[in-house]
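Pasting protein-v6.txt here (compact mmCIF, C-alpha atoms and all ligand atoms):
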# COMPACT_ATOMS: atom_id res chain seq x y z
CA MET A 1 -16.84 176.48 58.99
CA ASP A 2 -18.43 177.44 55.65
CA GLY A 3 -21.40 175.19 56.29
CA ALA A 4 -19.70 172.15 57.84
CA LEU A 5 -19.18 171.10 61.44
CA VAL A 6 -15.46 170.57 62.05
CA PRO A 7 -13.37 169.84 65.15
CA ARG A 8 -11.77 172.89 66.79
CA GLU A 9 -8.28 172.07 65.39
CA GLN A 10 -9.63 172.03 61.85
CA ALA A 11 -11.44 175.33 62.23
CA VAL A 12 -8.73 177.40 60.52
CA VAL A 13 -8.63 180.36 58.15
CA SER A 14 -6.25 180.91 55.21
CA VAL A 15 -3.42 183.44 55.51
CA PHE A 16 -4.81 184.88 52.25
CA ASP A 17 -8.16 185.62 53.87
CA HIS A 18 -8.89 189.35 53.74
CA GLY A 19 -10.33 189.13 57.23
CA VAL A 20 -6.79 188.34 58.40
CA LEU A 21 -4.94 190.55 55.90
CA TYR A 22 -7.08 193.69 56.24
CA GLY A 23 -9.70 193.18 58.95
CA ASP A 24 -12.18 193.09 56.09
CA GLY A 25 -15.34 191.46 57.41
CA CYS A 26 -17.93 191.66 60.14
CA PHE A 27 -19.01 189.69 63.19
CA GLU A 28 -21.46 189.22 66.03
CA GLY A 29 -21.16 188.15 69.67
CA ILE A 30 -24.25 186.36 70.97
CA ARG A 31 -25.16 184.48 74.15
CA ALA A 32 -27.24 181.38 74.77
CA TYR A 33 -29.03 180.94 78.07
CA ASN A 34 -30.63 177.53 78.79
CA ARG A 35 -30.52 176.63 75.09
CA ARG A 36 -32.28 179.84 74.12
CA ILE A 37 -30.25 182.17 71.94
CA PHE A 38 -30.75 185.65 73.33
CA LYS A 39 -32.01 188.08 70.67
CA VAL A 40 -30.45 186.01 67.90
CA GLY A 41 -32.82 187.54 65.37
CA SER A 42 -31.57 191.04 66.21
CA HIS A 43 -27.94 189.91 66.09
CA ILE A 44 -28.27 188.30 62.66
CA LYS A 45 -30.13 191.37 61.43
CA ARG A 46 -27.20 193.52 62.60
CA LEU A 47 -24.75 191.09 60.95
CA PHE A 48 -26.57 191.60 57.66
CA ALA A 49 -26.60 195.39 58.17
CA SER A 50 -22.83 195.40 58.86
CA ALA A 51 -22.24 193.21 55.80
CA ALA A 52 -24.37 195.48 53.59
CA ALA A 53 -22.46 198.54 54.84
CA ILE A 54 -19.18 197.03 53.60
CA ARG A 55 -20.71 195.60 50.41
CA LEU A 56 -20.35 192.00 51.58
CA GLU A 57 -23.06 189.56 50.62
CA SER A 58 -23.89 186.68 52.93
CA PRO A 59 -23.96 183.29 51.18
CA TYR A 60 -26.52 182.17 53.78
CA ALA A 61 -29.99 183.45 54.54
CA HIS A 62 -30.90 184.86 57.96
CA ARG A 63 -32.69 181.59 58.90
CA GLN A 64 -29.69 179.44 57.86
CA TRP A 65 -27.37 181.37 60.17
CA ILE A 66 -29.71 180.76 63.11
CA ASP A 67 -30.08 177.05 62.28
CA SER A 68 -26.28 176.72 62.01
CA ILE A 69 -25.80 178.41 65.40
CA ARG A 70 -28.19 175.89 66.97
CA GLN A 71 -26.36 172.99 65.29
CA THR A 72 -23.02 174.27 66.57
CA LEU A 73 -24.37 174.62 70.11
CA ASP A 74 -25.80 171.09 69.94
CA ALA A 75 -22.60 169.63 68.49
CA ASN A 76 -20.71 171.06 71.46
CA GLY A 77 -23.38 170.02 73.97
CA LEU A 78 -23.74 173.59 75.18
CA THR A 79 -26.79 175.07 76.87
CA ASN A 80 -25.16 178.26 78.13
CA ALA A 81 -22.60 179.71 75.77
CA TYR A 82 -20.95 182.67 74.16
CA ILE A 83 -21.31 182.49 70.38
CA ARG A 84 -19.10 184.24 67.85
CA VAL A 85 -20.38 184.57 64.30
CA VAL A 86 -17.87 185.80 61.72
CA MET A 87 -18.12 186.58 58.03
CA THR A 88 -14.92 187.72 56.32
CA ARG A 89 -14.35 188.96 52.78
CA GLY A 90 -12.79 185.56 52.10
CA VAL A 91 -9.64 184.41 50.38
CA GLY A 92 -8.25 186.77 47.75
CA THR A 93 -5.13 188.28 46.25
CA LEU A 94 -2.56 190.37 48.15
CA GLY A 95 -4.25 193.63 47.27
CA LEU A 96 -7.10 195.52 48.93
CA ASN A 97 -9.66 194.92 46.17
CA PRO A 98 -12.52 193.17 47.97
CA PHE A 99 -14.16 192.21 44.70
CA ARG A 100 -11.30 189.86 43.88
CA CYS A 101 -12.36 187.60 46.75
CA PRO A 102 -14.84 185.13 45.24
CA ALA A 103 -16.56 183.91 48.43
CA PRO A 104 -16.85 185.07 52.04
CA THR A 105 -15.43 182.88 54.80
CA CYS A 106 -18.11 182.13 57.37
CA PHE A 107 -17.70 180.51 60.75
CA ILE A 108 -19.45 180.09 64.07
CA ILE A 109 -17.68 179.47 67.38
CA THR A 110 -19.60 178.32 70.45
CA ASP A 111 -17.61 178.58 73.66
CA SER A 112 -17.72 180.48 76.94
CA ILE A 113 -16.53 183.96 77.89
CA GLU A 114 -15.66 185.75 81.11
CA LEU A 115 -15.17 189.36 80.14
CA TYR A 116 -14.79 190.73 83.67
CA PRO A 117 -14.08 188.92 86.96
CA PRO A 118 -17.31 188.02 88.83
CA SER A 119 -16.27 190.15 91.84
CA LEU A 120 -16.62 193.30 89.70
CA TYR A 121 -20.33 192.56 89.32
CA GLU A 122 -20.62 192.94 93.11
CA SER A 123 -18.36 195.94 93.62
CA GLY A 124 -18.85 197.87 90.38
CA MET A 125 -16.05 198.60 87.96
CA LYS A 126 -13.59 201.48 87.66
CA VAL A 127 -13.20 202.92 84.18
CA ILE A 128 -11.20 205.72 82.59
CA THR A 129 -11.82 208.18 79.81
CA ALA A 130 -9.80 207.22 76.74
CA ARG A 131 -7.70 210.01 75.21
CA ARG A 132 -8.29 208.45 71.80
CA PRO A 133 -11.65 209.39 70.23
CA ARG A 134 -14.05 206.79 68.83
CA ASN A 135 -13.84 206.43 65.05
CA LEU A 136 -15.37 209.32 63.12
CA PRO A 137 -18.66 207.94 61.71
CA ALA A 138 -17.99 209.50 58.30
CA ALA A 139 -14.64 207.64 58.18
CA LEU A 140 -15.56 204.26 59.67
CA ASP A 141 -19.03 204.13 61.19
CA PRO A 142 -18.99 202.55 64.69
CA SER A 143 -22.47 201.17 63.93
CA ILE A 144 -20.74 198.66 61.61
CA LYS A 145 -19.55 195.72 63.70
CA SER A 146 -16.52 195.15 61.51
CA LEU A 147 -13.40 193.07 62.06
CA ASN A 148 -11.51 196.38 62.38
CA TYR A 149 -11.44 196.74 66.16
CA LEU A 150 -8.12 198.57 66.49
CA ASN A 151 -9.78 201.85 67.52
CA ASN A 152 -11.34 199.98 70.45
CA ILE A 153 -8.26 197.84 71.18
CA LEU A 154 -6.01 200.91 71.44
CA ALA A 155 -8.48 202.48 73.90
CA LYS A 156 -8.61 199.16 75.79
CA ILE A 157 -4.81 199.32 76.08
CA GLU A 158 -5.16 202.81 77.58
CA ALA A 159 -7.54 201.31 80.16
CA ILE A 160 -5.25 198.39 80.99
CA ASP A 161 -2.25 200.73 81.27
CA ALA A 162 -4.28 202.76 83.78
CA GLY A 163 -5.01 199.59 85.79
CA VAL A 164 -8.69 199.25 84.80
CA LEU A 165 -10.57 197.06 82.32
CA GLU A 166 -12.73 199.46 80.32
CA ALA A 167 -12.47 202.95 78.83
CA ILE A 168 -15.14 205.47 77.88
CA MET A 169 -14.70 206.70 74.33
CA LEU A 170 -15.80 210.18 73.22
CA ASN A 171 -16.75 211.20 69.73
CA HIS A 172 -14.80 213.82 67.81
CA GLU A 173 -16.93 216.58 69.38
CA GLY A 174 -16.18 215.41 72.91
CA TYR A 175 -19.56 213.86 73.60
CA VAL A 176 -19.71 210.43 75.27
CA ALA A 177 -20.16 207.65 72.70
CA GLU A 178 -19.61 204.24 74.27
CA CYS A 179 -16.93 202.01 75.81
CA THR A 180 -14.49 199.79 73.93
CA GLY A 181 -16.87 196.82 73.93
CA ASP A 182 -19.93 198.01 75.84
CA ASN A 183 -22.60 200.71 75.62
CA ILE A 184 -22.93 203.23 78.45
CA PHE A 185 -25.87 204.54 80.50
CA PHE A 186 -26.19 206.94 83.43
CA VAL A 187 -28.95 207.49 85.98
CA LYS A 188 -29.73 210.92 87.45
CA GLY A 189 -32.78 211.64 89.59
CA GLY A 190 -34.25 208.25 88.65
CA ARG A 191 -33.98 208.92 84.91
CA VAL A 192 -31.90 206.65 82.65
CA THR A 193 -29.96 208.23 79.77
CA THR A 194 -27.80 206.77 77.01
CA PRO A 195 -26.22 208.46 73.97
CA PRO A 196 -28.08 208.20 70.63
CA VAL A 197 -26.62 206.14 67.78
CA SER A 198 -25.87 209.48 66.06
CA ALA A 199 -23.21 210.08 68.77
CA GLY A 200 -21.16 207.44 66.91
CA LEU A 201 -21.58 204.07 68.58
CA LEU A 202 -22.57 200.48 67.99
CA GLU A 203 -26.30 200.06 68.52
CA GLY A 204 -26.06 197.32 71.12
CA VAL A 205 -28.64 194.58 71.31
CA THR A 206 -28.32 194.61 75.11
CA ARG A 207 -28.67 198.42 75.09
CA ARG A 208 -31.98 198.13 73.21
CA PHE A 209 -33.20 195.37 75.54
CA VAL A 210 -32.36 197.44 78.64
CA MET A 211 -34.22 200.43 77.17
CA GLU A 212 -37.25 198.19 76.61
CA LEU A 213 -36.94 196.85 80.18
CA CYS A 214 -36.99 200.45 81.46
CA GLY A 215 -40.22 201.00 79.53
CA GLU A 216 -41.82 197.91 81.05
CA LEU A 217 -40.66 198.80 84.56
CA ALA A 218 -41.87 202.41 84.18
CA ILE A 219 -38.33 203.72 84.65
CA PRO A 220 -37.97 206.95 82.61
CA CYS A 221 -35.37 206.35 79.90
CA GLY A 222 -34.19 208.29 76.88
CA GLU A 223 -31.39 209.03 74.44
CA ARG A 224 -29.47 212.30 74.23
CA ILE A 225 -25.92 213.52 73.88
CA PHE A 226 -23.95 214.45 77.00
CA ARG A 227 -20.39 215.16 78.09
CA MET A 228 -18.12 213.63 80.73
CA GLU A 229 -18.95 216.32 83.34
CA GLU A 230 -22.56 215.18 83.34
CA LEU A 231 -21.64 211.50 83.46
CA LYS A 232 -19.32 212.05 86.42
CA ALA A 233 -22.08 213.89 88.30
CA ALA A 234 -24.55 211.04 87.78
CA ASP A 235 -26.11 209.00 90.60
CA GLU A 236 -25.34 205.73 88.79
CA VAL A 237 -23.46 204.61 85.68
CA PHE A 238 -23.65 201.18 84.09
CA LEU A 239 -22.44 199.43 80.96
CA THR A 240 -24.25 196.92 78.76
CA GLY A 241 -23.06 194.34 76.27
CA THR A 242 -23.61 190.74 75.26
CA ALA A 243 -20.49 189.53 77.04
CA ALA A 244 -20.65 192.05 79.92
CA GLU A 245 -24.46 191.84 80.35
CA ILE A 246 -25.11 194.73 82.80
CA ILE A 247 -22.24 195.95 84.98
CA ALA A 248 -22.19 198.92 87.33
CA VAL A 249 -19.45 201.56 87.15
CA SER A 250 -18.19 202.66 90.57
CA GLN A 251 -15.60 205.20 89.49
CA VAL A 252 -14.77 207.20 86.35
CA ASP A 253 -11.19 208.52 86.27
CA ASP A 254 -10.74 209.98 89.80
CA GLU A 255 -14.45 210.58 90.35
CA LEU A 256 -16.58 208.23 92.47
CA ILE A 257 -20.06 207.63 90.98
CA GLY A 258 -22.69 208.27 93.67
CA ASN A 259 -21.23 206.73 96.84
CA GLY A 260 -19.33 204.17 94.78
CA ALA A 261 -21.77 201.34 95.50
CA ILE A 262 -24.19 199.78 93.00
CA GLY A 263 -27.27 202.01 92.78
CA PRO A 264 -30.93 200.96 93.00
CA VAL A 265 -31.79 201.44 89.30
CA THR A 266 -28.76 199.44 88.13
CA ARG A 267 -29.60 196.74 90.67
CA ARG A 268 -33.24 196.58 89.58
CA LEU A 269 -32.33 196.37 85.87
CA THR A 270 -29.68 193.72 86.54
CA GLU A 271 -32.12 191.57 88.54
CA GLU A 272 -34.78 191.93 85.85
CA PHE A 273 -32.31 191.15 83.08
CA ARG A 274 -31.16 187.97 84.88
CA ALA A 275 -34.76 186.90 85.55
CA ARG A 276 -35.77 187.39 81.91
CA VAL A 277 -32.87 185.38 80.47
CA ALA A 278 -33.35 182.64 83.10
CA GLN A 279 -37.08 182.35 82.38
CA GLY A 280 -36.64 181.89 78.63
CA ALA A 281 -34.54 184.44 76.80
CA PRO A 282 -36.32 186.17 73.91
CA GLU A 283 -34.94 185.02 70.54
CA ASP A 284 -36.39 187.79 68.34
N1 LIG D 1 -20.14 198.69 71.61
C1 LIG D 1 -19.15 197.97 71.07
C2 LIG D 1 -18.00 198.68 70.45
C3 LIG D 1 -19.21 196.57 71.07
O1 LIG D 1 -18.23 195.85 70.52
C4 LIG D 1 -20.32 195.93 71.68
C5 LIG D 1 -20.42 194.44 71.66
N2 LIG D 1 -19.44 193.81 72.46
C6 LIG D 1 -21.31 196.72 72.27
C7 LIG D 1 -21.20 198.11 72.20
C8 LIG D 1 -22.51 196.10 72.92
O2 LIG D 1 -23.35 195.53 71.94
P1 LIG D 1 -24.25 194.25 72.23
O3 LIG D 1 -25.13 194.60 73.39
O4 LIG D 1 -25.02 194.05 70.99
O5 LIG D 1 -23.33 193.13 72.55

How does the structure come out when it is put into structure tokens?
Ligand code: PMP
Amino acid sequence: MDGALVPREQAVVSVFDHGVLYGDGCFEGIRAYNRRIFKVGSHIKRLFASAAAIRLESPYAHRQWIDSIRQTLDANGLTNAYIRVVMTRGVGTLGLNPFRCPAPTCFIITDSIELYPPSLYESGMKVITARRPRNLPAALDPSIKSLNYLNNILAKIEAIDAGVLEAIMLNHEGYVAECTGDNIFFVKGGRVTTPPVSAGLLEGVTRRFVMELCGELAIPCGERIFRMEELKAADEVFLTGTAAEIIAVSQVDDELIGNGAIGPVTRRLTEEFRARVAQGAPED
């Protein structure tokens, strides 16, 4: 918490913190595998980009964040972990003005996460299309990983109400953007496709890694906009995210994807992803 290691019970934030009052701040979710912090460089870079986009200045340098994450992992004796890095606007007055908050509040949590039950990684996951569109980039750019997650949470509630755990979110023009906490890919005729950042989505670190894996495995892969009809007619659909890793989608709304079983490209990418992180996850 703000540069000091404290026990869990003492890791608390003021009720006057603008992160709490207004969702004013940004964050990252990161994973450690065998003491290696997967793509931590990319995550901290994105944290700084999110902060810059909301005119928030980090009191710590890029390197200091990474060192502090390692210290927090060590203090908790963790080798495999889910890491949450948060930087809020800090404590201020009961008005919106962010510039009346003298210093950001910064904290790092190292713990574990189970986003989806393990059985879903064997069977594939059912998802729905959210009725609610993803935030309009000109209003609140989804590429900013801000503490304002209500757009996603309300779509997640739509999913849970429908008896599933994830929802596909469309942009204001009806093109597929992403899911509430994961990026989305489809496979058709052996070719992997994901929407471009310009569709209005968070540029996932896992998404980028999977695209690079495709390159290395000579699996054709590219970015372009597409609609739900095309997604539903795909051979395979899968989601990517730090917490989710890679998970196959078996059904979208009432439509089975392929024959409903995990497809060969998704399987290959999942195996490769697991092998890479087990062998020594890249930290760049
Ligand atoms: N989209 C959203 C909205 C997210 O919150 C996340 C992170 N959970 C992702 C995509 C995936 O990003 P990453 O691979 O960097 O975790």

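Take the candidates A:Leu73, A:Ala243, A:Val265, A:Cys214 and check each one against Glu114 of chain A using all atoms listed in the file; the shortest distance goes to A:Ala243.
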
### Task
Skip segment 163-179 of chain A itself and residues of its chain fewer than 3 positions away, then list as number ranges by chain all residues within 9 Å of it, counting only C-alpha atoms.
A: 116, 125-137, 152, 155-160, 182-185, 194-202, 225-228, 231, 239, 252

### Task
Report as number ranges by chain which protein, DNA and RNA residues come within 6 Å of ligand LIG 1 (chain D), using only C-alpha atoms and all ligand atoms.
A: 180-183, 202, 204-207, 240-242

Could those selected residues go to a file with C-alpha atoms, as a JSON list (two decimals), in the frame of the given file?
[["chain", "number", "residue", "atom", "x", "y", "z"],
["A", 180, "THR", "CA", -14.49, 199.79, 73.93],
["A", 181, "GLY", "CA", -16.87, 196.82, 73.93],
["A", 182, "ASP", "CA", -19.93, 198.01, 75.84],
["A", 183, "ASN", "CA", -22.60, 200.71, 75.62],
["A", 202, "LEU", "CA", -22.57, 200.48, 67.99],
["A", 204, "GLY", "CA", -26.06, 197.32, 71.12],
["A", 205, "VAL", "CA", -28.64, 194.58, 71.31],
["A", 206, "THR", "CA", -28.32, 194.61, 75.11],
["A", 207, "ARG", "CA", -28.67, 198.42, 75.09],
["A", 240, "THR", "CA", -24.25, 196.92, 78.76],
["A", 241, "GLY", "CA", -23.06, 194.34, 76.27],
["A", 242, "THR", "CA", -23.61, 190.74, 75.26]]

### Task
Grab the atom CA of Ile257 of chain A to atom CA of Thr193 of chain A distance for me, in Å with one decimal place.
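We find that atom CA of Ile257 of chain A and atom CA of Thr193 of chain A lie 15.0 Å from each other.
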
Taking all atoms of segment 66-84 of chain A that the file lists, what box with edges along x, y and z, padded by 3 Å per side, do you get, with centre and edge lengths in Å to one decimal, as AutoDock Vina command-line options?
--center_x -24.6 --center_y 176.9 --center_z 70.1 --size_x 17.0 --size_y 20.6 --size_z 22.1

### Summary
From atom CA of Met87 of chain A to atom CA of Phe107 of chain A the spacing works out at 6.7 Å

### Message
Just the number, please: distance in Å from atom CA of Val12 of chain A to atom CA of Leu154 of chain A, one decimal.
### Response
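That distance, rounded to one decimal, is 26.1 Å.
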
### Task
Excluding Lys45 of chain A and any residue of its chain fewer than 2 positions from it, enumerate the residues within 12 Å of it, using only C-alpha atoms, and give them as a PyMOL selection string.
chain A and resi 27-28+39-43+47-52+58+61-63+65-66+144-145+203+205+284

### Near-Pro118 of chain A list (12 Å; all atoms listed in the file; drop same-chain fewer than 6 positions) as JSON, numbers by chain
{"A": [124, 125, 244, 245, 246, 247]}

### Exercise: Arg8 of chain A partners within 12 Å, all atoms listed in the file, chain neighbours under 5 positions left out, as an MDAnalysis selection string
chainID A and resid 1 13 72 75:76 107:111

#### Entry: Of the listed residues A:Tyr22, A:Phe16, A:Phe273, A:Phe186, that which approaches Val91 of chain A most closely, counting all atoms listed in the file
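Checking each candidate against Val91 of chain A, we get A:Phe16 as the closest.
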
### Query
Closest to Asp235 of chain A among A:Gly258, A:Gly215, A:Pro59, A:Gly222, using all atoms listed in the file?
A:Gly258
